[in-house]
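Participant: One file: final.cif (mmCIF, C-alpha atoms).
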```
data_run
loop_
_atom_site.group_PDB
_atom_site.id
_atom_site.type_symbol
_atom_site.label_atom_id
_atom_site.label_comp_id
_atom_site.auth_asym_id
_atom_site.auth_seq_id
_atom_site.Cartn_x
_atom_site.Cartn_y
_atom_site.Cartn_z
ATOM 1 C CA MET N 3 4.379 17.815 11.684
ATOM 2 C CA GLY N 4 3.768 16.454 8.134
ATOM 3 C CA SER N 5 7.098 14.735 8.520
ATOM 4 C CA SER N 6 8.657 11.693 7.017
ATOM 5 C CA GLU N 7 12.050 10.142 7.279
ATOM 6 C CA SER N 8 13.891 8.490 4.444
ATOM 7 C CA SER N 9 15.768 5.249 4.577
ATOM 8 C CA ARG N 10 17.410 3.175 1.914
ATOM 9 C CA ALA N 11 16.824 -0.537 1.702
ATOM 10 C CA PRO N 12 17.644 -3.082 -0.973
ATOM 11 C CA ARG N 13 14.778 -4.353 -3.093
ATOM 12 C CA PRO N 14 13.467 -7.668 -1.766
ATOM 13 C CA HIS N 15 12.922 -10.934 -3.642
ATOM 14 C CA GLY N 16 16.161 -10.837 -5.637
ATOM 15 C CA ALA N 17 15.137 -7.757 -7.619
ATOM 16 C CA GLN N 18 17.604 -5.345 -9.152
ATOM 17 C CA ALA N 19 20.695 -4.538 -7.120
ATOM 18 C CA GLU N 20 19.793 -0.837 -6.930
ATOM 19 C CA VAL N 21 18.347 0.620 -3.746
ATOM 20 C CA ARG N 22 14.925 2.129 -3.355
ATOM 21 C CA LYS N 23 13.809 5.049 -1.294
ATOM 22 C CA GLU N 24 11.284 4.382 1.431
ATOM 23 C CA GLU N 25 9.914 7.449 3.148
ATOM 24 C CA THR N 26 8.164 6.395 6.336
ATOM 25 C CA LEU N 27 6.715 8.203 9.320
ATOM 26 C CA THR N 28 9.204 9.114 12.020
ATOM 27 C CA GLU N 29 8.986 7.445 15.426
ATOM 28 C CA GLU N 30 8.007 10.846 16.820
ATOM 29 C CA THR N 31 5.086 11.058 14.383
ATOM 30 C CA LEU N 32 3.961 7.521 15.217
ATOM 31 C CA ARG N 33 4.025 8.364 18.956
ATOM 32 C CA PHE N 34 2.085 11.587 18.280
ATOM 33 C CA CYS N 35 -0.603 9.597 16.459
ATOM 34 C CA GLU N 36 -0.863 7.069 19.284
ATOM 35 C CA ARG N 37 -1.038 9.747 22.008
ATOM 36 C CA ARG N 38 -3.852 11.486 20.119
ATOM 37 C CA GLY N 39 -5.678 8.249 19.343
ATOM 38 C CA ILE N 40 -5.638 8.940 15.614
ATOM 39 C CA ARG N 41 -7.411 6.215 13.658
ATOM 40 C CA PHE N 42 -7.877 6.415 9.919
ATOM 41 C CA THR N 43 -11.486 5.582 9.102
ATOM 42 C CA HIS N 44 -11.996 6.789 5.523
ATOM 43 C CA LYS N 45 -10.043 6.461 2.282
ATOM 44 C CA ALA N 46 -9.873 8.024 -1.178
ATOM 45 C CA ILE N 47 -7.632 8.151 -4.230
ATOM 46 C CA TYR N 48 -6.502 11.446 -5.735
ATOM 47 C CA ALA N 49 -4.661 11.994 -9.019
ATOM 48 C CA HIS N 50 -2.789 14.501 -11.158
ATOM 49 C CA ALA N 51 -1.462 14.403 -14.703
ATOM 50 C CA LEU N 52 2.115 13.284 -15.171
ATOM 51 C CA PRO N 53 4.589 15.789 -16.585
ATOM 52 C CA GLY N 54 4.640 15.474 -20.361
ATOM 53 C CA ILE N 55 1.148 13.980 -20.519
ATOM 54 C CA ALA N 56 0.542 15.451 -23.981
ATOM 55 C CA GLY N 57 3.544 13.574 -25.366
ATOM 56 C CA ILE N 58 2.571 10.384 -23.569
ATOM 57 C CA GLU N 59 -1.000 10.508 -24.868
ATOM 58 C CA LEU N 60 0.173 11.408 -28.400
ATOM 59 C CA GLY N 61 2.504 8.404 -28.359
ATOM 60 C CA GLN N 62 -0.420 6.246 -27.222
ATOM 61 C CA ALA N 63 -2.607 7.530 -30.075
ATOM 62 C CA ILE N 64 0.109 6.814 -32.640
ATOM 63 C CA ALA N 65 0.645 3.333 -31.188
ATOM 64 C CA ASP N 66 -3.121 2.739 -31.360
ATOM 65 C CA ILE N 67 -3.173 3.648 -35.035
ATOM 66 C CA LEU N 68 -0.108 1.581 -35.934
ATOM 67 C CA THR N 69 -1.312 -1.493 -34.057
ATOM 68 C CA ALA N 70 -4.988 -1.258 -35.066
ATOM 69 C CA GLY N 71 -5.964 -0.616 -31.443
ATOM 70 C CA LEU N 72 -3.876 -3.350 -29.800
ATOM 71 C CA ALA N 73 -1.894 -0.700 -27.926
ATOM 72 C CA GLU N 74 -5.014 -0.111 -25.833
ATOM 73 C CA LEU N 75 -3.937 -3.201 -23.905
ATOM 74 C CA ARG N 76 -1.177 -1.057 -22.439
ATOM 75 C CA ARG N 77 -3.718 1.442 -21.161
ATOM 76 C CA ALA N 78 -5.793 -1.386 -19.700
ATOM 77 C CA THR N 79 -2.869 -2.709 -17.645
ATOM 78 C CA ALA N 80 -0.853 0.449 -16.959
ATOM 79 C CA GLY N 81 -3.682 2.978 -16.757
ATOM 80 C CA ASN N 82 -3.663 6.522 -18.081
ATOM 81 C CA ALA N 83 -0.780 8.951 -17.705
ATOM 82 C CA TYR N 84 -1.886 10.068 -14.250
ATOM 83 C CA HIS N 85 -0.122 9.809 -10.900
ATOM 84 C CA TRP N 86 -2.421 8.327 -8.247
ATOM 85 C CA PHE N 87 -1.942 8.625 -4.520
ATOM 86 C CA PHE N 88 -3.851 7.129 -1.608
ATOM 87 C CA VAL N 89 -5.204 9.289 1.225
ATOM 88 C CA ALA N 90 -6.716 8.044 4.494
ATOM 89 C CA ARG N 91 -8.522 10.359 6.904
ATOM 90 C CA ASP N 92 -9.151 10.316 10.628
ATOM 91 C CA GLY N 93 -12.727 11.548 10.884
ATOM 92 C CA ALA N 94 -12.394 12.869 14.434
ATOM 93 C CA SER N 95 -9.197 14.916 14.143
ATOM 94 C CA GLU N 96 -9.083 15.454 10.368
ATOM 95 C CA ASN N 97 -5.501 14.164 10.135
ATOM 96 C CA PHE N 98 -4.500 12.617 6.813
ATOM 97 C CA PHE N 99 -2.169 9.747 5.928
ATOM 98 C CA VAL N 100 -0.816 10.055 2.376
ATOM 99 C CA THR N 101 1.103 7.371 0.494
ATOM 100 C CA TYR N 102 2.170 6.703 -3.086
ATOM 101 C CA ALA N 103 4.557 4.644 -5.166
ATOM 102 C CA HIS N 104 7.017 6.212 -7.577
ATOM 103 C CA ASP N 105 9.903 5.010 -9.692
ATOM 104 C CA LEU N 106 12.358 5.336 -6.778
ATOM 105 C CA GLY N 107 10.228 3.614 -4.134
ATOM 106 C CA PHE N 108 7.441 4.552 -1.753
ATOM 107 C CA ALA N 109 6.496 7.594 0.300
ATOM 108 C CA CYS N 110 4.094 8.338 3.124
ATOM 109 C CA SER N 111 3.417 11.267 5.418
ATOM 110 C CA LEU N 112 0.991 12.592 8.014
ATOM 111 C CA GLN N 113 -0.730 15.873 7.189
ATOM 112 C CA PHE N 114 -3.079 18.076 9.218
ATOM 113 C CA ARG N 115 -5.133 19.615 6.409
ATOM 114 C CA LEU N 116 -6.571 18.115 3.242
ATOM 115 C CA GLN N 117 -4.870 20.776 1.123
ATOM 116 C CA ASP N 118 -1.486 19.806 2.584
ATOM 117 C CA ALA N 119 -2.285 16.116 2.036
ATOM 118 C CA LEU N 120 -3.011 16.789 -1.635
ATOM 119 C CA LYS N 121 0.298 18.625 -2.041
ATOM 120 C CA ALA N 122 2.147 15.803 -0.259
ATOM 121 C CA GLY N 123 0.803 13.278 -2.768
ATOM 122 C CA CYS N 124 2.155 15.170 -5.765
ATOM 123 C CA LEU N 125 5.401 14.381 -7.498
ATOM 124 C CA SER N 126 6.357 18.062 -7.763
ATOM 125 C CA GLU N 127 5.204 21.481 -6.530
ATOM 126 C CA SER N 128 3.806 22.380 -9.951
ATOM 127 C CA ASP N 129 1.490 19.347 -9.897
ATOM 128 C CA ALA N 130 -0.291 20.466 -6.712
ATOM 129 C CA CYS N 131 -2.622 22.879 -8.501
ATOM 130 C CA ASN N 132 -3.999 20.174 -10.817
ATOM 131 C CA VAL N 133 -5.162 17.505 -8.352
ATOM 132 C CA TRP N 134 -8.580 15.883 -8.531
ATOM 133 C CA MET N 135 -10.395 13.134 -6.660
ATOM 134 C CA LYS N 136 -10.120 9.953 -8.705
ATOM 135 C CA HIS N 137 -12.093 7.670 -6.371
ATOM 136 C CA GLN N 138 -14.414 9.032 -3.715
ATOM 137 C CA TRP N 139 -14.108 8.927 0.041
ATOM 138 C CA ILE N 140 -15.463 5.675 1.420
ATOM 139 C CA GLU N 141 -15.344 4.091 4.840
ATOM 140 C CA ALA N 142 -12.320 1.933 5.596
ATOM 141 C CA SER N 143 -12.818 -1.743 6.440
ATOM 142 C CA ARG N 144 -11.932 -0.849 10.040
ATOM 143 C CA PRO N 145 -10.141 1.993 11.883
ATOM 144 C CA ARG N 146 -6.350 1.858 11.405
ATOM 145 C CA SER N 147 -3.500 3.441 13.362
ATOM 146 C CA ALA N 148 -0.570 5.139 11.630
ATOM 147 C CA ALA N 149 1.573 2.085 12.394
ATOM 148 C CA ASP N 150 -1.141 -0.137 10.866
ATOM 149 C CA MET N 151 -1.125 2.019 7.743
ATOM 150 C CA GLN N 152 2.622 1.594 7.314
ATOM 151 C CA ALA N 153 2.297 -2.158 7.806
ATOM 152 C CA LEU N 154 -0.417 -2.291 5.120
ATOM 153 C CA MET N 155 1.848 -0.420 2.697
ATOM 154 C CA ARG N 156 4.449 -3.141 3.108
ATOM 155 C CA GLN N 157 1.882 -5.901 2.556
ATOM 156 C CA THR N 158 0.858 -4.741 -0.911
ATOM 157 C CA PRO N 159 2.156 -6.797 -3.835
ATOM 158 C CA SER N 160 3.710 -3.547 -5.103
ATOM 159 C CA TRP N 161 6.051 -3.366 -2.125
ATOM 160 C CA GLY N 162 7.956 -6.530 -2.960
ATOM 161 C CA ASP N 163 8.431 -5.826 -6.660
ATOM 162 C CA CYS N 164 10.208 -3.333 -8.904
ATOM 163 C CA TYR N 165 8.236 -0.325 -10.095
ATOM 164 C CA ARG N 166 7.151 -0.826 -13.707
ATOM 165 C CA TRP N 167 5.079 1.493 -15.845
ATOM 166 C CA ASP N 168 2.972 -1.361 -17.203
ATOM 167 C CA SER N 169 2.230 -3.637 -14.267
ATOM 168 C CA ASN N 170 3.406 -2.280 -10.901
ATOM 169 C CA ASN N 171 2.922 1.454 -10.768
ATOM 170 C CA CYS N 172 1.328 4.088 -8.536
ATOM 171 C CA GLN N 173 -2.154 3.195 -9.800
ATOM 172 C CA HIS N 174 -1.769 -0.480 -8.896
ATOM 173 C CA TYR N 175 -0.386 0.457 -5.464
ATOM 174 C CA ALA N 176 -3.308 2.800 -4.719
ATOM 175 C CA TRP N 177 -5.822 0.170 -5.865
ATOM 176 C CA TYR N 178 -4.329 -2.441 -3.527
ATOM 177 C CA LEU N 179 -4.887 -0.129 -0.565
ATOM 178 C CA TYR N 180 -8.322 1.095 -1.685
ATOM 179 C CA ARG N 181 -10.153 -1.886 -3.212
ATOM 180 C CA PRO N 182 -10.645 -5.179 -1.354
ATOM 181 C CA ASP N 183 -11.482 -6.959 -4.620
ATOM 182 C CA TYR N 184 -8.306 -5.866 -6.428
ATOM 183 C CA GLY N 185 -5.571 -7.650 -4.522
ATOM 184 C CA PRO N 186 -4.894 -9.500 -1.296
ATOM 185 C CA GLU N 187 -7.510 -8.527 1.279
ATOM 186 C CA GLU N 188 -4.889 -8.241 4.029
ATOM 187 C CA CYS N 189 -3.396 -5.116 2.401
ATOM 188 C CA THR N 190 -6.672 -3.211 1.936
ATOM 189 C CA VAL N 191 -7.365 -0.312 4.293
#
```
When written as structure tokens, how does the structure in this file appear?

Facilitator:
Amino acid sequence: MGSSESSRAPRPHGAQAEVRKEETLTEETLRFCERRGIRFTHKAIYAHALPGIAGIELGQAIADILTAGLAELRRATAGNAYHWFFVARDGASENFFVTYAHDLGFACSLQFRLQDALKAGCLSESDACNVWMKHQWIEASRPRSAADMQALMRQTPSWGDCYRWDSNNCQHYAWYLYRPDYGPEECTV
């Protein structure tokens, strides 16, 4: 069932006039989760290198040299050239909720195996073989339904703002969902 449906919605808060892509769980998937009593009880962050990472890191090294290290501030706010995605797990059924932010919007899906969840979090098929756990599995603050998970996605500060490489990217989005001390507590799983 690892399904998602796409919808287009304008960016909120007077942001750019372009539309963003929001891939959410289908109503059928939400009903499936409720019938099965799926509750996501654990969370982790996985990552993979962005395409062109060598060029990105080389550019960072050159900027570091030219600015006597001041360019490291970019790395401190934007993170490394890795795509992060958030994964939540139902301990009883081993179903996985996967979500990430990207330059066109947000995506989420339900997967039935961890390997499928890791592929679903990647930006392309070729990235799926280079995934690693960035932040370990820990217990969620409380069990969450699939509908709860989607609501939490929309409560992150990332949701209401344009995607930016330096201050509102996939790493910030994953942190909001994973770490209670990073952003508003009401959006942490």

Participant: Using only C-alpha atoms, can you tell me which of N:Leu106, N:Ala94, N:Ala130, N:Cys35 comes closest to Lys23 of chain N?

Facilitator: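 Going through N:Leu106, N:Ala94, N:Ala130, N:Cys35 one by one, the smallest distance to Lys23 of chain N is for N:Leu106.
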
Participant: If the PyMOL selection byres ((chain N and resi 109) around 9) is run on the structure shown, which residues does it catch, given as a list in words?

Facilitator: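 In the shown coordinates, the PyMOL selection byres ((chain N and resi 109) around 9) covers Ser6, Ser8, Lys23, Glu24, Glu25, Thr26, Val100, Thr101, Tyr102, Ala103, His104, Gly107, Phe108, Cys110, Ser111 and Gly123 of chain N.
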
Participant: Please, could you write that set of residues out with C-alpha atoms as a compact mmCIF listing (two decimals), in the coordinates of the input?

Facilitator:
```
# COMPACT_ATOMS: atom_id res chain seq x y z
CA SER N 6 8.66 11.69 7.02
CA SER N 8 13.89 8.49 4.44
CA LYS N 23 13.81 5.05 -1.29
CA GLU N 24 11.28 4.38 1.43
CA GLU N 25 9.91 7.45 3.15
CA THR N 26 8.16 6.40 6.34
CA VAL N 100 -0.82 10.06 2.38
CA THR N 101 1.10 7.37 0.49
CA TYR N 102 2.17 6.70 -3.09
CA ALA N 103 4.56 4.64 -5.17
CA HIS N 104 7.02 6.21 -7.58
CA GLY N 107 10.23 3.61 -4.13
CA PHE N 108 7.44 4.55 -1.75
CA CYS N 110 4.09 8.34 3.12
CA SER N 111 3.42 11.27 5.42
CA GLY N 123 0.80 13.28 -2.77
```

Participant: Counting all atoms listed in the file, what is within 7 Å of Lys45 of chain N, bar same-chain residues fewer than 6 positions away, as a ChimeraX atom specification?

Facilitator: /N:89-91,139-142,180

Participant: Using all atoms listed in the file for the distances, tell me which of N:Val133, N:Ala149, N:Cys189, N:Leu154 is nearest to Leu116 of chain N.

Facilitator: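 Closest residue, counting all atoms listed in the file: N:Val133.
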
Participant: Might you spell out which residues the PyMOL selection byres ((chain N and resi 159) around 8) would select in the displayed file, as a list of chain:residue names?

Facilitator: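 When the PyMOL selection byres ((chain N and resi 159) around 8) is applied to the shown file, the picked residues are N:Gln157, N:Thr158, N:Ser160, N:Trp161, N:Gly162, N:Asp163, N:Tyr175, N:Tyr178, N:Gly185, N:Pro186.
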
Participant: Give me, please, the distance in Å between atom CA of Phe99 of chain N and atom CA of Gln113 of chain N, quoted to one decimal.

Facilitator: 6.4 Å

Participant: For segment 24-36 of chain N, I'd like the enclosing box, axis-aligned and padded by 8 Å on every side, reported as AutoDock Vina command-line options with centre and edge lengths in Å to one decimal.

Facilitator:
```
--center_x 5.2 --center_y 8.0 --center_z 10.4 --size_x 28.1 --size_y 23.2 --size_z 33.9
```

Participant: Go through N:Phe34, N:Trp86, N:Tyr184, N:Phe42 and flag the residue nearest Ala122 of chain N, using only C-alpha atoms for the distances.

Facilitator: N:Trp86

Participant: So, with only C-alpha atoms as the atoms that count, which of N:Asn97, N:Pro182, N:Cys172, N:Gly39 lies closest to His85 of chain N?

Facilitator: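 Using only C-alpha atoms, the shortest distance to His85 of chain N belongs to N:Cys172.
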
Participant: With distances taken over all atoms listed in the file, which residue among N:Asp105, N:Asp168, N:Asp183, N:Asp92 lies nearest Arg38 of chain N?

Facilitator: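 Checking each of N:Asp105, N:Asp168, N:Asp183, N:Asp92 against Arg38 of chain N, counting all atoms listed in the file, the winner is N:Asp92.
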
Participant: Let me make sure I understand: among N:Ser95, N:Thr28, N:Gln117, N:Asn171, which one has the smallest atom-to-atom distance to Thr43 of chain N if we use all atoms listed in the file?

Facilitator: N:Ser95

Participant: Between atom CA of Pro145 of chain N and atom CA of His174 of chain N, measure the distance and give it in Å to one decimal.

Facilitator: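 Separating atom CA of Pro145 of chain N from atom CA of His174 of chain N is a distance of 22.5 Å.
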